[in-house]
Amino acid sequence: MNVSKTRGRRWLAPGCIAAAGLLAGAAWAQADYPSKAVRIIAPFPAGSGPDANAREIAAELTKLLGQSFYVENRPGASNIIGTEVAAKAPADGYSLYIGTTSSLSVVPHLYSKLPFDAERDFAPVSLLGVLNTGLIATPGVEARDARALIAALKARPDSVAVATAGIGSYSHLSALWFNSAAGVKTNLVPYNSSSPYVDLIAGQVQLMFDGLPAAAGNIHTGKLKLLAITGKERAPSFPDVPTFAEAGLPDYAPIAWQGLLAPAGTPKPVLEKLSAAMRKACQSSELARKWRDYGGELRCNTPAEFKAFIDADRAMWGKVIREARVKLD
């Protein structure tokens, strides 16, 4: 009996040693992370505003972690293409993903079937920042702020055309939310394959709800004007523009955000190392200034904090989409 036990222990010993070696190797690989270039999959096109933000944070991570972080653009199909690629990428820390309001909070409520699960297929790393939404108007609009605009729309329903980036887009849903919250009616005009800003500047459409990076320059030069902005306080870059809360809409709060995630199953030490680097990158005064210039806020956090943020944002947009009865399939 004792001999048998001894033989069993001798027979198991090599396996135990091998397992211990694998665990040690995995721990060493995580401690040494990153040891090669890291791709950041972006579901939006190169040259867009979100792409510029992604490339800026990739450059910061490159400096902080000593390996190249680069952006790989996979746009198309309402962010679905790039999100699917990221969801199915190896969970080794060398394929990351820039998530957005659209890809992880909005799209899951618009389609009944998707090739990924927005909640289960990703491990949050850190929020990057939030962009407040502005009520942008052509200079020909007489109203000087959102409160005056609401009064005018109640007196004359459907009297203005609101440009959107297409049905189910962030701008479209923000406009529907505004109409519901303010109790007004507007004429929504979809621009599915072209930018509405040329027509907005020309006055062919009168309003648009959007994040401010694309419009900030034209607002500052007077080609467009800003009637209101989301946020609990006025934006430092637009101190004279009242918030929607000041216009009597305290619960109207669409924000566009970007954040860094990894495929589900990525080792926790890797996620924590990346999150710590993100929080350090967010101390950059230059990055913070760029986000403030267009009404945004650089805001990095922990994986747990980022998860709670996404969960709350997804629930908020789910309510908006259900009440608006918007579906894309």
# chains A, B, ... in the order shown; residues from 1 in each chain; ligands from 1
call {"tool": "closest_atom_pairs", "arguments": {"of": "range 127-216 of chain A", "to": "range 309-312 of chain A", "cutoff": "12 Å", "atoms": "only C-alpha atoms", "output": "tab-separated table"}}
result
residue	atom	partner	partner_atom	distance
A:Leu127	CA	A:Phe309	CA	8.4
A:Leu128	CA	A:Phe309	CA	11.7
A:Gly129	CA	A:Phe309	CA	11.5
A:Val130	CA	A:Phe309	CA	11.1
call {"tool": "closest_atom_pairs", "arguments": {"of": "range 105-216 of chain A", "to": "range 257-264 of chain A", "cutoff": "12 Å", "atoms": "only C-alpha atoms", "output": "CSV"}}
result
residue,atom,partner,partner_atom,distance
A:Ser105,CA,A:Trp257,CA,9.9
A:Val106,CA,A:Trp257,CA,11.6
A:Phe116,CA,A:Pro263,CA,10.9
A:Asp117,CA,A:Ala264,CA,10.4
A:Ala118,CA,A:Ala264,CA,10.4
A:Glu119,CA,A:Ala264,CA,9.4
A:Arg120,CA,A:Ala264,CA,6.9
A:Asp121,CA,A:Ala264,CA,5.0
A:Phe122,CA,A:Ala264,CA,4.4
A:Ala123,CA,A:Ala264,CA,4.9
A:Pro124,CA,A:Leu261,CA,4.4
A:Val125,CA,A:Leu261,CA,4.9
A:Ser126,CA,A:Leu260,CA,5.4
A:Leu127,CA,A:Gly259,CA,4.0
A:Leu128,CA,A:Gly259,CA,4.6
A:Gly129,CA,A:Trp257,CA,5.7
A:Val130,CA,A:Trp257,CA,4.2
A:Leu131,CA,A:Trp257,CA,6.0
A:Asn132,CA,A:Trp257,CA,8.7
A:Thr133,CA,A:Trp257,CA,10.4
A:Tyr170,CA,A:Trp257,CA,11.2
A:Gly211,CA,A:Trp257,CA,9.5
call {"tool": "select_by_dssp", "arguments": {"residues": "range 68-284 of chain A", "states": "strand (DSSP E)", "output": "ChimeraX atom specification"}}
result
/A:69-73,95-100,122-137,161-164,187-190,207-211,225-229,255-263
call {"tool": "closest_residue", "arguments": {"among": "A:Asp92, A:Tyr111, A:Leu249, A:Lys63", "to": "Ile150 in chain A", "atoms": "only C-alpha atoms"}}
result
A:Leu249
call {"tool": "residues_around", "arguments": {"residues": "Ile201 in chain A", "least_positions_apart": "4", "cutoff": "8 Å", "atoms": "only C-alpha atoms", "output": "list in words"}}
result
Thr138, Pro139, Tyr197, Lys223 and Leu224 of chain A
call {"tool": "write_last_selection", "arguments": {"atoms": "all heavy atoms", "output": "PDB file, in the first residue's frame"}}
result
ATOM      1  N   THR A 138     -27.700  76.674 -36.926  1.00  0.00           N
ATOM      2  CA  THR A 138     -27.250  77.617 -37.946  1.00  0.00           C
ATOM      3  C   THR A 138     -27.489  79.031 -37.419  1.00  0.00           C
ATOM      4  O   THR A 138     -28.430  79.251 -36.643  1.00  0.00           O
ATOM      5  CB  THR A 138     -28.019  77.374 -39.264  1.00  0.00           C
ATOM      6  OG1 THR A 138     -27.443  78.175 -40.287  1.00  0.00           O
ATOM      7  CG2 THR A 138     -29.487  77.702 -39.128  1.00  0.00           C
ATOM      8  N   PRO A 139     -26.663  79.997 -37.787  1.00  0.00           N
ATOM      9  CA  PRO A 139     -26.830  81.360 -37.247  1.00  0.00           C
ATOM     10  C   PRO A 139     -28.195  81.974 -37.539  1.00  0.00           C
ATOM     11  O   PRO A 139     -28.630  82.889 -36.829  1.00  0.00           O
ATOM     12  CB  PRO A 139     -25.714  82.148 -37.950  1.00  0.00           C
ATOM     13  CG  PRO A 139     -24.669  81.133 -38.248  1.00  0.00           C
ATOM     14  CD  PRO A 139     -25.427  79.882 -38.591  1.00  0.00           C
ATOM     15  N   TYR A 197     -22.844  68.975 -41.870  1.00  0.00           N
ATOM     16  CA  TYR A 197     -22.374  70.281 -41.419  1.00  0.00           C
ATOM     17  C   TYR A 197     -22.349  71.329 -42.530  1.00  0.00           C
ATOM     18  O   TYR A 197     -22.569  72.523 -42.271  1.00  0.00           O
ATOM     19  CB  TYR A 197     -21.004  70.148 -40.746  1.00  0.00           C
ATOM     20  CG  TYR A 197     -21.127  69.677 -39.317  1.00  0.00           C
ATOM     21  CD1 TYR A 197     -20.880  68.356 -38.971  1.00  0.00           C
ATOM     22  CD2 TYR A 197     -21.534  70.555 -38.322  1.00  0.00           C
ATOM     23  CE1 TYR A 197     -21.031  67.914 -37.671  1.00  0.00           C
ATOM     24  CE2 TYR A 197     -21.683  70.129 -37.008  1.00  0.00           C
ATOM     25  CZ  TYR A 197     -21.435  68.808 -36.691  1.00  0.00           C
ATOM     26  OH  TYR A 197     -21.594  68.382 -35.400  1.00  0.00           O
ATOM     27  N   LYS A 223     -19.655  80.598 -37.498  1.00  0.00           N
ATOM     28  CA  LYS A 223     -20.376  79.970 -38.610  1.00  0.00           C
ATOM     29  C   LYS A 223     -21.550  79.122 -38.103  1.00  0.00           C
ATOM     30  O   LYS A 223     -22.495  78.860 -38.837  1.00  0.00           O
ATOM     31  CB  LYS A 223     -19.427  79.109 -39.444  1.00  0.00           C
ATOM     32  CG  LYS A 223     -18.390  79.920 -40.213  1.00  0.00           C
ATOM     33  CD  LYS A 223     -17.496  79.014 -41.047  1.00  0.00           C
ATOM     34  CE  LYS A 223     -16.481  79.826 -41.830  1.00  0.00           C
ATOM     35  NZ  LYS A 223     -15.588  78.946 -42.639  1.00  0.00           N
ATOM     36  N   LEU A 224     -21.432  78.665 -36.870  1.00  0.00           N
ATOM     37  CA  LEU A 224     -22.510  77.953 -36.190  1.00  0.00           C
ATOM     38  C   LEU A 224     -22.648  78.545 -34.796  1.00  0.00           C
ATOM     39  O   LEU A 224     -21.741  79.236 -34.314  1.00  0.00           O
ATOM     40  CB  LEU A 224     -22.198  76.452 -36.100  1.00  0.00           C
ATOM     41  CG  LEU A 224     -22.146  75.668 -37.413  1.00  0.00           C
ATOM     42  CD1 LEU A 224     -21.614  74.259 -37.163  1.00  0.00           C
ATOM     43  CD2 LEU A 224     -23.512  75.605 -38.072  1.00  0.00           C
TER      44      LEU A 224
END
call {"tool": "closest_residue", "arguments": {"among": "A:Ser68, A:Ser35, A:Thr164, A:Ser169", "to": "Leu328 in chain A", "atoms": "only C-alpha atoms"}}
result
A:Ser169
call {"tool": "atom_distance", "arguments": {"atom1": "CA of His220 in chain A", "atom2": "CA of Ala247 in chain A"}}
result
21.7 Å
call {"tool": "closest_residue", "arguments": {"among": "A:Lys268, A:Lys225, A:Arg314, A:His109", "to": "Ala137 in chain A", "atoms": "only C-alpha atoms"}}
result
A:Lys225
call {"tool": "closest_residue", "arguments": {"among": "A:Gly134, A:Asn187, A:Ala288, A:Arg322", "to": "Thr230 in chain A", "atoms": "only C-alpha atoms"}}
result
A:Gly134
